[in-house]
$ cat entry-v5.cif   # mmCIF, C-alpha atoms and all ligand atoms
data_input
loop_
_atom_site.label_atom_id
_atom_site.label_comp_id
_atom_site.auth_asym_id
_atom_site.auth_seq_id
_atom_site.Cartn_x
_atom_site.Cartn_y
_atom_site.Cartn_z
CA MET A 455 8.52 -27.44 21.11
CA THR A 456 5.91 -28.42 18.57
CA THR A 457 2.51 -26.87 18.08
CA PRO A 458 -0.26 -29.52 17.87
CA SER A 459 -2.61 -27.33 15.78
CA ARG A 460 0.09 -27.03 13.11
CA ILE A 461 0.38 -30.78 12.74
CA THR A 462 -3.38 -30.95 12.18
CA LEU A 463 -3.25 -28.09 9.69
CA ALA A 464 -0.40 -29.64 7.69
CA ARG A 465 -2.07 -33.06 7.69
CA GLN A 466 -5.39 -31.64 6.48
CA ARG A 467 -3.58 -29.53 3.89
CA ARG A 468 -2.39 -32.82 2.33
CA GLY A 469 -5.83 -34.38 2.61
CA LEU A 470 -4.69 -37.15 4.97
CA ARG A 471 -6.62 -38.83 7.74
CA ILE A 472 -4.81 -39.46 11.03
CA SER A 473 -4.72 -43.19 10.27
CA ALA A 474 -3.18 -42.68 6.83
CA LEU A 475 -0.49 -40.37 8.19
CA ALA A 476 0.28 -42.84 11.00
CA ARG A 477 0.65 -45.65 8.47
CA ASP A 478 2.97 -43.58 6.28
CA LEU A 479 5.13 -42.68 9.28
CA GLU A 480 4.99 -46.23 10.65
CA VAL A 481 3.68 -45.17 14.04
CA ALA A 482 0.45 -46.05 15.85
CA ARG A 483 -2.67 -44.10 14.99
CA GLN A 484 -2.95 -43.13 18.67
CA THR A 485 0.52 -41.60 18.52
CA VAL A 486 -0.39 -39.15 15.75
CA ALA A 487 -3.68 -38.41 17.51
CA ALA A 488 -1.75 -37.64 20.69
CA TRP A 489 0.61 -35.30 18.82
CA GLU A 490 -2.41 -33.39 17.59
CA THR A 491 -3.96 -33.07 21.05
CA GLY A 492 -0.63 -32.21 22.63
CA ASP A 493 -0.68 -35.29 24.85
CA GLN A 494 2.55 -36.50 23.27
CA ILE A 495 5.45 -34.60 21.79
CA PRO A 496 6.98 -35.91 18.56
CA THR A 497 10.68 -36.73 18.69
CA ALA A 498 13.10 -34.88 16.43
CA ALA A 499 13.04 -37.89 14.09
CA ASN A 500 9.23 -37.90 14.10
CA LEU A 501 9.22 -34.20 13.25
CA ALA A 502 11.61 -34.66 10.37
CA ALA A 503 9.42 -37.47 9.03
CA LEU A 504 6.31 -35.33 9.45
CA GLY A 505 7.93 -32.50 7.55
CA GLU A 506 8.98 -34.77 4.74
CA ARG A 507 5.63 -36.52 4.41
CA LEU A 508 3.56 -33.34 4.71
CA GLN A 509 5.93 -31.15 2.67
CA PHE A 510 6.35 -28.50 5.34
CA PRO A 511 9.68 -27.35 6.79
CA VAL A 512 10.22 -28.69 10.34
CA GLU A 513 10.29 -25.04 11.38
CA PHE A 514 6.59 -24.79 10.43
CA PHE A 515 5.60 -27.10 13.30
CA THR A 516 7.35 -25.01 15.94
CA ARG A 517 5.67 -21.65 15.27
CA GLY A 518 2.67 -20.25 17.16
CA ASP A 519 -0.74 -21.86 17.51
CA VAL A 520 -3.04 -21.62 14.47
CA GLU A 521 -6.78 -21.30 14.79
CA PRO A 522 -8.46 -23.32 12.03
CA LEU A 523 -10.94 -21.70 9.65
CA PRO A 524 -14.44 -22.49 10.90
CA ILE A 525 -16.34 -24.69 8.46
CA GLY A 526 -19.49 -22.62 8.95
CA ALA A 527 -17.75 -19.36 8.10
CA VAL A 528 -16.93 -20.52 4.62
CA SER A 529 -19.30 -20.16 1.70
CA PHE A 530 -18.84 -23.22 -0.45
CA ARG A 531 -21.06 -23.35 -3.48
CA ALA A 532 -21.46 -27.10 -3.62
CA LEU A 533 -20.86 -28.16 -0.05
CA SER A 534 -23.13 -31.17 -0.30
CA LYS A 535 -21.20 -32.62 -3.25
CA MET A 536 -17.84 -32.21 -1.56
CA THR A 537 -16.07 -34.90 0.43
CA ALA A 538 -14.85 -33.99 3.91
CA SER A 539 -11.27 -34.45 2.75
CA THR A 540 -11.64 -32.06 -0.21
CA ARG A 541 -13.24 -29.53 2.08
CA ASP A 542 -10.46 -29.92 4.65
CA VAL A 543 -7.78 -29.45 1.99
CA ALA A 544 -9.47 -26.25 0.80
CA LEU A 545 -9.91 -24.93 4.35
CA ALA A 546 -6.37 -25.86 5.37
CA ALA A 547 -5.01 -24.25 2.20
CA GLY A 548 -6.98 -21.08 2.97
CA ARG A 549 -5.62 -21.08 6.51
CA THR A 550 -2.07 -21.52 5.25
CA ALA A 551 -2.56 -18.64 2.79
CA LEU A 552 -3.61 -16.52 5.77
CA LEU A 553 -0.24 -17.24 7.40
CA ILE A 554 1.24 -15.25 4.51
CA ASP A 555 -1.28 -12.50 5.15
CA GLU A 556 -0.43 -12.46 8.86
CA TRP A 557 3.26 -12.15 8.06
CA LEU A 558 2.57 -9.26 5.66
CA ALA A 559 0.11 -7.51 7.96
CA ALA A 560 2.71 -7.49 10.75
CA ARG A 561 5.14 -5.64 8.48
CA TYR A 562 3.07 -3.52 6.09
CA ARG A 563 0.17 -1.18 6.59
CA LEU A 564 -2.43 -2.87 4.40
CA PRO A 565 -5.67 -1.24 3.21
CA GLU A 566 -8.35 -1.02 5.90
CA PRO A 567 -11.50 -3.04 5.16
CA ASP A 568 -14.43 -1.09 3.71
CA VAL A 569 -16.84 -3.93 2.98
CA PRO A 570 -20.16 -3.14 4.66
CA THR A 571 -22.86 -5.66 5.51
CA LEU A 572 -25.98 -4.95 3.46
CA GLY A 573 -27.86 -8.17 4.06
CA LEU A 574 -31.33 -6.79 4.65
CA GLN A 575 -32.11 -5.81 1.07
CA PRO A 576 -32.56 -7.57 -2.26
CA PRO A 577 -29.23 -8.47 -3.95
CA GLU A 578 -29.66 -6.03 -6.84
CA GLN A 579 -30.28 -3.12 -4.47
CA ALA A 580 -27.35 -4.16 -2.30
CA ALA A 581 -25.10 -4.20 -5.39
CA GLU A 582 -26.28 -0.68 -6.32
CA ALA A 583 -25.80 0.54 -2.74
CA LEU A 584 -22.26 -0.80 -2.67
CA ARG A 585 -21.44 0.76 -6.06
CA HIS A 586 -22.75 4.05 -4.70
CA ARG A 587 -20.74 3.79 -1.48
CA TRP A 588 -17.60 3.00 -3.41
CA GLY A 589 -18.23 5.81 -5.93
CA LEU A 590 -18.32 3.53 -8.96
CA GLY A 591 -21.35 5.06 -10.69
CA ASN A 592 -22.66 2.80 -13.44
CA ALA A 593 -19.38 2.33 -15.26
CA PRO A 594 -17.67 -0.99 -15.99
CA ILE A 595 -15.22 -2.12 -13.30
CA SER A 596 -11.84 -2.09 -14.91
CA ASN A 597 -10.15 -4.39 -12.40
CA MET A 598 -12.08 -6.33 -9.74
CA THR A 599 -8.92 -7.59 -8.04
CA HIS A 600 -7.49 -4.10 -7.58
CA LEU A 601 -10.86 -2.74 -6.50
CA LEU A 602 -11.40 -5.35 -3.79
CA GLU A 603 -7.83 -5.10 -2.58
CA ALA A 604 -8.20 -1.34 -2.24
CA LYS A 605 -11.31 -2.01 -0.13
CA GLY A 606 -9.29 -4.17 2.23
CA VAL A 607 -10.19 -7.61 0.83
CA ARG A 608 -7.30 -10.08 0.86
CA ILE A 609 -7.21 -12.27 -2.22
CA PHE A 610 -5.22 -15.48 -2.57
CA SER A 611 -5.28 -18.40 -4.98
CA LEU A 612 -6.06 -21.92 -3.83
CA PRO A 613 -3.59 -24.59 -4.99
CA GLU A 614 -4.07 -26.92 -7.91
CA GLU A 615 -5.62 -29.71 -5.79
CA CYS A 616 -8.55 -27.40 -5.12
CA ARG A 617 -9.53 -27.16 -8.77
CA THR A 618 -12.82 -28.96 -8.11
CA VAL A 619 -13.69 -26.69 -5.20
CA ASP A 620 -15.41 -23.37 -5.75
CA ALA A 621 -13.92 -20.09 -4.62
CA TYR A 622 -14.87 -19.19 -1.07
CA SER A 623 -14.82 -16.25 1.26
CA LEU A 624 -15.04 -15.35 4.90
CA ARG A 625 -14.52 -12.53 7.34
CA TRP A 626 -11.49 -13.53 9.34
CA HIS A 627 -11.15 -11.46 12.52
CA GLY A 628 -12.74 -8.54 10.69
CA THR A 629 -10.71 -8.91 7.50
CA PRO A 630 -12.63 -9.97 4.39
CA VAL A 631 -10.81 -12.77 2.58
CA VAL A 632 -11.43 -14.42 -0.81
CA LEU A 633 -9.76 -17.66 -1.89
CA LEU A 634 -9.90 -18.16 -5.65
CA THR A 635 -9.73 -21.48 -7.45
CA PRO A 636 -7.28 -22.19 -10.27
CA GLY A 637 -8.05 -22.94 -13.88
CA LYS A 638 -10.71 -20.34 -14.63
CA SER A 639 -10.92 -17.72 -17.33
CA ALA A 640 -10.23 -14.11 -16.33
CA GLU A 641 -13.93 -13.35 -16.76
CA ARG A 642 -14.98 -16.21 -14.49
CA ARG A 643 -12.46 -15.13 -11.89
CA ARG A 644 -13.93 -11.62 -11.93
CA PHE A 645 -17.40 -13.08 -11.54
CA ASP A 646 -16.15 -15.29 -8.69
CA LEU A 647 -14.77 -12.19 -6.96
CA ALA A 648 -18.13 -10.43 -7.35
CA HIS A 649 -19.96 -13.57 -6.15
CA GLU A 650 -17.74 -13.86 -3.07
CA LEU A 651 -18.11 -10.13 -2.46
CA ALA A 652 -21.86 -10.81 -2.37
CA HIS A 653 -21.42 -13.44 0.34
CA LEU A 654 -19.29 -11.02 2.36
CA VAL A 655 -21.83 -8.24 1.97
CA LEU A 656 -25.06 -10.23 2.20
CA HIS A 657 -24.30 -13.35 4.19
CA ALA A 658 -21.06 -13.28 6.17
CA GLU A 659 -22.78 -12.32 9.41
CA ARG A 660 -25.51 -14.93 9.12
CA GLU A 661 -24.94 -18.35 10.54
CA HIS A 662 -26.58 -20.62 8.01
CA PHE A 663 -26.32 -19.07 4.62
CA GLN A 664 -25.22 -21.97 2.45
CA GLY A 665 -27.59 -23.45 -0.07
CA PRO A 666 -29.31 -22.66 -3.35
CA LYS A 667 -31.01 -19.49 -2.10
CA ALA A 668 -27.77 -17.89 -0.96
CA GLU A 669 -26.09 -18.97 -4.19
CA ASP A 670 -28.86 -17.44 -6.26
CA GLU A 671 -28.61 -14.21 -4.27
CA ALA A 672 -24.83 -14.12 -4.69
CA ASN A 673 -25.13 -14.63 -8.45
CA ARG A 674 -27.75 -11.91 -8.77
CA PHE A 675 -25.60 -9.53 -6.75
CA ALA A 676 -22.53 -10.37 -8.86
CA SER A 677 -24.43 -9.89 -12.10
CA SER A 678 -25.82 -6.52 -10.96
CA PHE A 679 -22.49 -5.39 -9.56
CA LEU A 680 -20.57 -6.15 -12.76
CA MET A 681 -23.37 -5.10 -15.15
CA PRO A 682 -25.47 -2.46 -13.34
CA ARG A 683 -28.98 -1.95 -14.62
CA ARG A 684 -28.53 1.78 -15.18
CA GLY A 685 -25.28 1.27 -17.03
CA MET A 686 -26.86 -1.37 -19.24
CA LEU A 687 -29.98 0.67 -20.05
CA GLY A 688 -27.91 3.19 -21.98
CA ARG A 689 -26.36 0.53 -24.19
CA PRO A 690 -27.76 -0.45 -27.62
CA LEU A 691 -28.40 -4.02 -26.53
CA ARG A 692 -32.07 -4.68 -27.14
CA HIS A 693 -32.38 -7.87 -29.18
CA ALA A 694 -28.58 -8.06 -29.20
CA THR A 695 -27.06 -10.53 -31.65
CA ILE A 696 -24.24 -12.91 -30.70
CA ASP A 697 -21.73 -10.60 -32.40
CA MET A 698 -22.99 -7.66 -30.37
CA ILE A 699 -22.69 -9.72 -27.19
CA LEU A 700 -19.13 -10.75 -28.08
CA THR A 701 -18.19 -7.07 -28.49
CA GLU A 702 -20.09 -5.84 -25.45
CA ARG A 703 -18.63 -8.47 -23.09
CA ARG A 704 -15.25 -6.76 -23.45
CA ARG A 705 -16.71 -3.49 -22.19
CA TRP A 706 -17.94 -5.05 -18.95
CA LYS A 707 -15.17 -7.68 -18.84
CA VAL A 708 -17.64 -10.48 -18.27
CA ALA A 709 -18.19 -13.85 -19.91
CA ALA A 710 -20.43 -13.88 -22.98
CA MET A 711 -22.75 -16.30 -21.17
CA ALA A 712 -22.98 -14.04 -18.11
CA LEU A 713 -23.83 -11.06 -20.31
CA THR A 714 -26.45 -13.05 -22.22
CA TYR A 715 -28.01 -14.11 -18.92
CA ARG A 716 -28.02 -10.51 -17.70
CA LEU A 717 -29.61 -9.24 -20.94
CA ASN A 718 -32.37 -11.77 -20.48
CA GLU A 719 -32.79 -10.81 -16.82
CA LEU A 720 -33.18 -7.15 -17.83
CA GLY A 721 -35.73 -8.05 -20.52
CA PHE A 722 -33.46 -7.07 -23.42
CA LEU A 723 -33.85 -10.46 -25.09
CA THR A 724 -36.94 -12.47 -25.82
CA GLU A 725 -37.03 -15.94 -24.29
CA TRP A 726 -36.55 -17.34 -27.79
CA GLU A 727 -33.47 -15.14 -28.47
CA TYR A 728 -32.04 -15.99 -25.08
CA ARG A 729 -32.36 -19.74 -25.60
CA ASN A 730 -30.92 -19.61 -29.10
CA HIS A 731 -27.99 -17.48 -27.94
CA CYS A 732 -27.26 -19.92 -25.12
CA ILE A 733 -27.24 -22.85 -27.54
CA ALA A 734 -25.09 -21.02 -30.09
CA LEU A 735 -22.57 -19.84 -27.46
CA SER A 736 -22.43 -23.30 -25.96
CA ARG A 737 -21.62 -24.80 -29.37
CA ARG A 738 -18.81 -22.31 -29.77
CA GLY A 739 -17.27 -23.35 -26.44
CA PHE A 740 -18.41 -20.43 -24.31
CA ARG A 741 -19.94 -22.55 -21.58
CA ARG A 742 -16.62 -24.09 -20.57
CA SER A 743 -14.21 -21.31 -21.48
CA GLU A 744 -14.03 -17.81 -22.91
CA PRO A 745 -12.57 -17.84 -26.44
CA GLY A 746 -10.97 -14.47 -27.23
CA GLY A 747 -11.29 -13.37 -23.61
CA ILE A 748 -9.42 -10.77 -21.58
CA ASN A 749 -6.13 -11.18 -19.72
CA HIS A 750 -6.06 -12.31 -16.12
CA GLU A 751 -6.05 -9.66 -13.42
CA SER A 752 -3.02 -9.54 -11.18
CA SER A 753 -2.84 -8.52 -7.54
CA GLN A 754 -1.59 -4.99 -7.13
CA LEU A 755 -1.16 -5.41 -3.39
CA LEU A 756 0.86 -8.61 -3.52
CA SER A 757 2.86 -7.42 -6.53
CA LYS A 758 3.85 -4.22 -4.75
CA ILE A 759 4.78 -6.08 -1.59
CA THR A 760 6.83 -8.75 -3.34
CA GLN A 761 8.63 -6.04 -5.31
CA SER A 762 9.31 -4.10 -2.12
CA LEU A 763 10.60 -7.25 -0.43
CA ARG A 764 12.80 -8.06 -3.39
CA ARG A 765 14.39 -4.61 -3.16
CA LYS A 766 15.29 -5.45 0.43
CA GLY A 767 16.84 -8.72 -0.69
CA ILE A 768 13.89 -10.89 0.33
CA GLY A 769 13.06 -13.08 -2.65
CA THR A 770 10.53 -15.87 -2.91
CA SER A 771 12.57 -18.46 -1.05
CA GLN A 772 13.45 -16.06 1.78
CA LEU A 773 9.80 -15.07 2.08
CA ALA A 774 8.79 -18.73 2.21
CA THR A 775 11.34 -19.34 4.97
CA GLN A 776 10.05 -16.36 6.93
CA VAL A 777 6.45 -17.54 6.63
CA GLY A 778 7.56 -21.07 7.52
CA VAL A 779 6.44 -22.88 4.35
CA THR A 780 8.13 -24.28 1.26
CA VAL A 781 8.63 -22.15 -1.86
CA GLU A 782 6.17 -24.38 -3.75
CA GLU A 783 3.57 -23.86 -1.04
CA LEU A 784 4.04 -20.09 -0.99
CA SER A 785 3.96 -19.85 -4.78
CA SER A 786 0.73 -21.81 -5.06
CA TYR A 787 -1.16 -19.11 -3.12
CA LEU A 788 0.25 -16.34 -5.28
CA LEU A 789 -0.08 -18.12 -8.59
CA GLY A 790 -1.91 -16.08 -11.19
CA LEU A 791 -1.80 -13.04 -8.89
CA VAL A 792 1.88 -12.17 -8.82
CA VAL A 793 4.74 -12.68 -11.23
CA MET A 794 6.96 -14.92 -9.16
CA PRO A 795 10.52 -15.85 -9.98
CA ILE A 796 10.49 -19.47 -8.78
CA ALA A 797 13.23 -22.08 -8.74
CA ASN A 798 15.58 -22.10 -11.78
CA ASN A 799 14.52 -18.53 -12.49
CA VAL A 800 11.49 -19.77 -14.37
CA HIS A 801 8.64 -17.32 -14.07
CA ALA A 802 5.39 -18.69 -12.76
CA HIS A 803 2.17 -17.92 -14.57
CA VAL A 804 2.49 -14.31 -15.64
CA ALA A 805 -0.68 -12.39 -15.02
CA ALA A 806 -1.23 -9.44 -17.29
CA THR A 807 -1.76 -6.21 -15.43
CA GLY A 808 -5.06 -4.51 -16.02
CA ASP A 809 -5.93 -0.85 -15.63
CA GLU A 810 -4.73 0.50 -12.35
CA ASN A 811 -7.19 3.28 -11.74
CA ILE A 812 -7.90 2.13 -8.20
CA SER A 813 -4.87 1.54 -6.07
CA PRO A 814 -4.41 0.53 -2.45
CA ARG A 815 -3.68 3.91 -0.93
CA HIS A 816 -2.28 2.83 2.38
CA LEU A 817 0.46 0.54 1.29
CA HIS A 818 3.51 1.69 3.20
CA LEU A 819 6.27 -0.03 5.00
CA ALA A 820 5.35 -0.40 8.65
ZN ZN B 901 -21.44 -18.89 -3.27
#

$ encode --input "entry-v5.cif" --output "structure tokens"
Amino acid sequence: MTTPSRITLARQRRGLRISALARDLEVARQTVAAWETGDQIPTAANLAALGERLQFPVEFFTRGDVEPLPIGAVSFRALSKMTASTRDVALAAGRTALLIDEWLAARYRLPEPDVPTLGLQPPEQAAEALRHRWGLGNAPISNMTHLLEAKGVRIFSLPEECRTVDAYSLRWHGTPVVLLTPGKSAERRRFDLAHELAHLVLHAEREHFQGPKAEDEANRFASSFLMPRRGMLGRPLRHATIDMILTERRRWKVAAMALTYRLNELGFLTEWEYRNHCIALSRRGFRRSEPGGINHESSQLLSKITQSLRRKGIGTSQLATQVGVTVEELSSYLLGLVVMPIANNVHAHVAATGDENISPRHLHLA
């Protein structure tokens, strides 16, 4: 038996149209279309060819039905600039990452979601309300990844092909999910997490929230959440120089540009100082990257689980087999979040572990 929705998912994951896949497999376009509607069943040879072309084990196509991620549930930052294929790849990748989550959730007791909806207030107030609810006071957030995981948010990386896509988030059957994009500094990744948290808190229950207004709200929320007004007021940052900004950014673990923007927003800098700082930072490469920045945050949840699995003899390749994907596919969703021994015992991107003052409390074997 094959599951039509899985053929569609795998095809979209590789960014292929039905016609392109049909051509590659040397079958009629109508044949592939019929596989995806369930009107025709692929032969064993067809399935093997599908698996090879789409880089999924044949086993993948025989598992249970998968519900696709709804386009409208996803908060893309630049939806208008994105091609349908790029969007489909990002959505299909997110859906595939959730297959990992489903496998884990069936076996481990994962943290319960505590991400309220606070959409009826200005972003800055919502950020303060959430800080209050989570007992964060006005202190810097030592590790955004650990914090959100402890609050029941599932965080995965999107694969390399999604580099041009922005991070996105959605509530998936009640579980808040964030998909991060590769190739960003640790500071930008933290800001992305705060930005996506904003969408979950402010927008996830609204139907049409994409667009510049929602983006502006999400950025204001993120800025306030990471650099709360009351926490900033106590800092000696009025008319801050570039050197002061470069020191202070490490306290809040934010990009120098984001801090400069926040100082201007709070009225700590004159318009003239703000513009000069932006130009100077830009010249020094701070618009594109974060020279001298912090280490990447790792996932405490996924690290603990993969360690626990390894103790039971389930390594990366066994986990991939269980989930029904290739090792490469599995690793791409965990990249930058977990230290993964991959093929040839080469370690994938090693993420430095940050402070672990907030831990998922309900992580137990089911
Ligand atoms: Zn956004």

$ closest_atom_pairs --input "entry-v5.cif" --of "chain A" --to "ligand ZN 901 (chain B)" --cutoff "9 Å" --atoms "only C-alpha atoms and all ligand atoms" --output "CSV"
residue,atom,partner,partner_atom,distance
A:Ser529,CA,B:ZN901,ZN,5.6
A:Phe530,CA,B:ZN901,ZN,5.8
A:Arg531,CA,B:ZN901,ZN,4.5
A:Ala532,CA,B:ZN901,ZN,8.2
A:Asp620,CA,B:ZN901,ZN,7.9
A:Ala621,CA,B:ZN901,ZN,7.7
A:Tyr622,CA,B:ZN901,ZN,6.9
A:Ser623,CA,B:ZN901,ZN,8.4
A:Asp646,CA,B:ZN901,ZN,8.4
A:His649,CA,B:ZN901,ZN,6.2
A:Glu650,CA,B:ZN901,ZN,6.2
A:Ala652,CA,B:ZN901,ZN,8.1
A:His653,CA,B:ZN901,ZN,6.5
A:Gln664,CA,B:ZN901,ZN,7.5
A:Gly665,CA,B:ZN901,ZN,8.3
A:Pro666,CA,B:ZN901,ZN,8.7
A:Ala668,CA,B:ZN901,ZN,6.8
A:Glu669,CA,B:ZN901,ZN,4.7
A:Asp670,CA,B:ZN901,ZN,8.1
A:Glu671,CA,B:ZN901,ZN,8.6
A:Ala672,CA,B:ZN901,ZN,6.0
A:Asn673,CA,B:ZN901,ZN,7.7

$ residues_around --input "entry-v5.cif" --residues "Tyr787 in chain A" --least-positions-apart "4" --cutoff "10 Å" --atoms "only C-alpha atoms" --output "PDB file with C-alpha atoms, in the frame of the given file"
ATOM      1  CA  ALA A 547      -5.010 -24.250   2.200  1.00  0.00           C
ATOM      2  CA  GLY A 548      -6.980 -21.080   2.970  1.00  0.00           C
ATOM      3  CA  THR A 550      -2.070 -21.520   5.250  1.00  0.00           C
ATOM      4  CA  ALA A 551      -2.560 -18.640   2.790  1.00  0.00           C
ATOM      5  CA  LEU A 552      -3.610 -16.520   5.770  1.00  0.00           C
ATOM      6  CA  ILE A 554       1.240 -15.250   4.510  1.00  0.00           C
ATOM      7  CA  ILE A 609      -7.210 -12.270  -2.220  1.00  0.00           C
ATOM      8  CA  PHE A 610      -5.220 -15.480  -2.570  1.00  0.00           C
ATOM      9  CA  SER A 611      -5.280 -18.400  -4.980  1.00  0.00           C
ATOM     10  CA  LEU A 612      -6.060 -21.920  -3.830  1.00  0.00           C
ATOM     11  CA  PRO A 613      -3.590 -24.590  -4.990  1.00  0.00           C
ATOM     12  CA  GLU A 614      -4.070 -26.920  -7.910  1.00  0.00           C
ATOM     13  CA  LEU A 633      -9.760 -17.660  -1.890  1.00  0.00           C
ATOM     14  CA  LEU A 634      -9.900 -18.160  -5.650  1.00  0.00           C
ATOM     15  CA  THR A 635      -9.730 -21.480  -7.450  1.00  0.00           C
ATOM     16  CA  PRO A 636      -7.280 -22.190 -10.270  1.00  0.00           C
ATOM     17  CA  GLU A 782       6.170 -24.380  -3.750  1.00  0.00           C
ATOM     18  CA  GLU A 783       3.570 -23.860  -1.040  1.00  0.00           C
ATOM     19  CA  LEU A 791      -1.800 -13.040  -8.890  1.00  0.00           C
ATOM     20  CA  VAL A 792       1.880 -12.170  -8.820  1.00  0.00           C
TER      21      VAL A 792
END

$ residues_around --input "entry-v5.cif" --residues "Pro522 in chain A" --least-positions-apart "4" --cutoff "9 Å" --atoms "only C-alpha atoms" --output "list in words"
Ser459, Leu463, Leu545, Ala546 and Arg549 of chain A

$ atom_distance --input "entry-v5.cif" --atom1 "CA of Gly767 in chain A" --atom2 "CA of Val607 in chain A"
27.1 Å

$ closest_residue --input "entry-v5.cif" --among "A:His627, A:Arg643, A:Arg477, A:His657" --to "Thr599 in chain A" --atoms "only C-alpha atoms"
A:Arg643

$ residues_around --input "entry-v5.cif" --residues "Pro745 in chain A" --least-positions-apart "5" --cutoff "12 Å" --atoms "only C-alpha atoms" --output "ChimeraX atom specification"
/A:639-641,700,703-704,709-711,735-740

$ residues_around --input "entry-v5.cif" --residues "Leu687 in chain A" --least-positions-apart "3" --cutoff "10 Å" --atoms "all atoms listed in the file" --output "PyMOL selection string"
chain A and resi 682-684+690-692+717+720+722

$ closest_residue --input "entry-v5.cif" --among "A:Phe675, A:Tyr715, A:Trp489, A:Trp588" --to "Asn730 in chain A" --atoms "all atoms listed in the file"
A:Tyr715

$ atom_distance --input "entry-v5.cif" --atom1 "CA of His693 in chain A" --atom2 "CA of Thr714 in chain A"
10.5 Å

$ closest_residue --input "entry-v5.cif" --among "A:Phe514, A:Thr724, A:Leu789, A:Gly769" --to "Gly637 in chain A" --atoms "only C-alpha atoms"
A:Leu789

$ closest_residue --input "entry-v5.cif" --among "A:Thr537, A:Met686, A:Asn592, A:Gly526" --to "Arg625 in chain A" --atoms "only C-alpha atoms"
A:Gly526

$ residues_near_point --input "entry-v5.cif" --point "(-8.9, -32.0, 1.8)" --cutoff "8 Å" --atoms "only C-alpha atoms" --output "PyMOL selection string"
chain A and resi 466-470+537-546

$ closest_residue --input "entry-v5.cif" --among "A:Leu784, A:Ile699, A:Ala502, A:Leu624" --to "Thr516 in chain A" --atoms "only C-alpha atoms"
A:Ala502

$ atom_distance --input "entry-v5.cif" --atom1 "CA of Phe645 in chain A" --atom2 "CA of Val793 in chain A"
22.1 Å
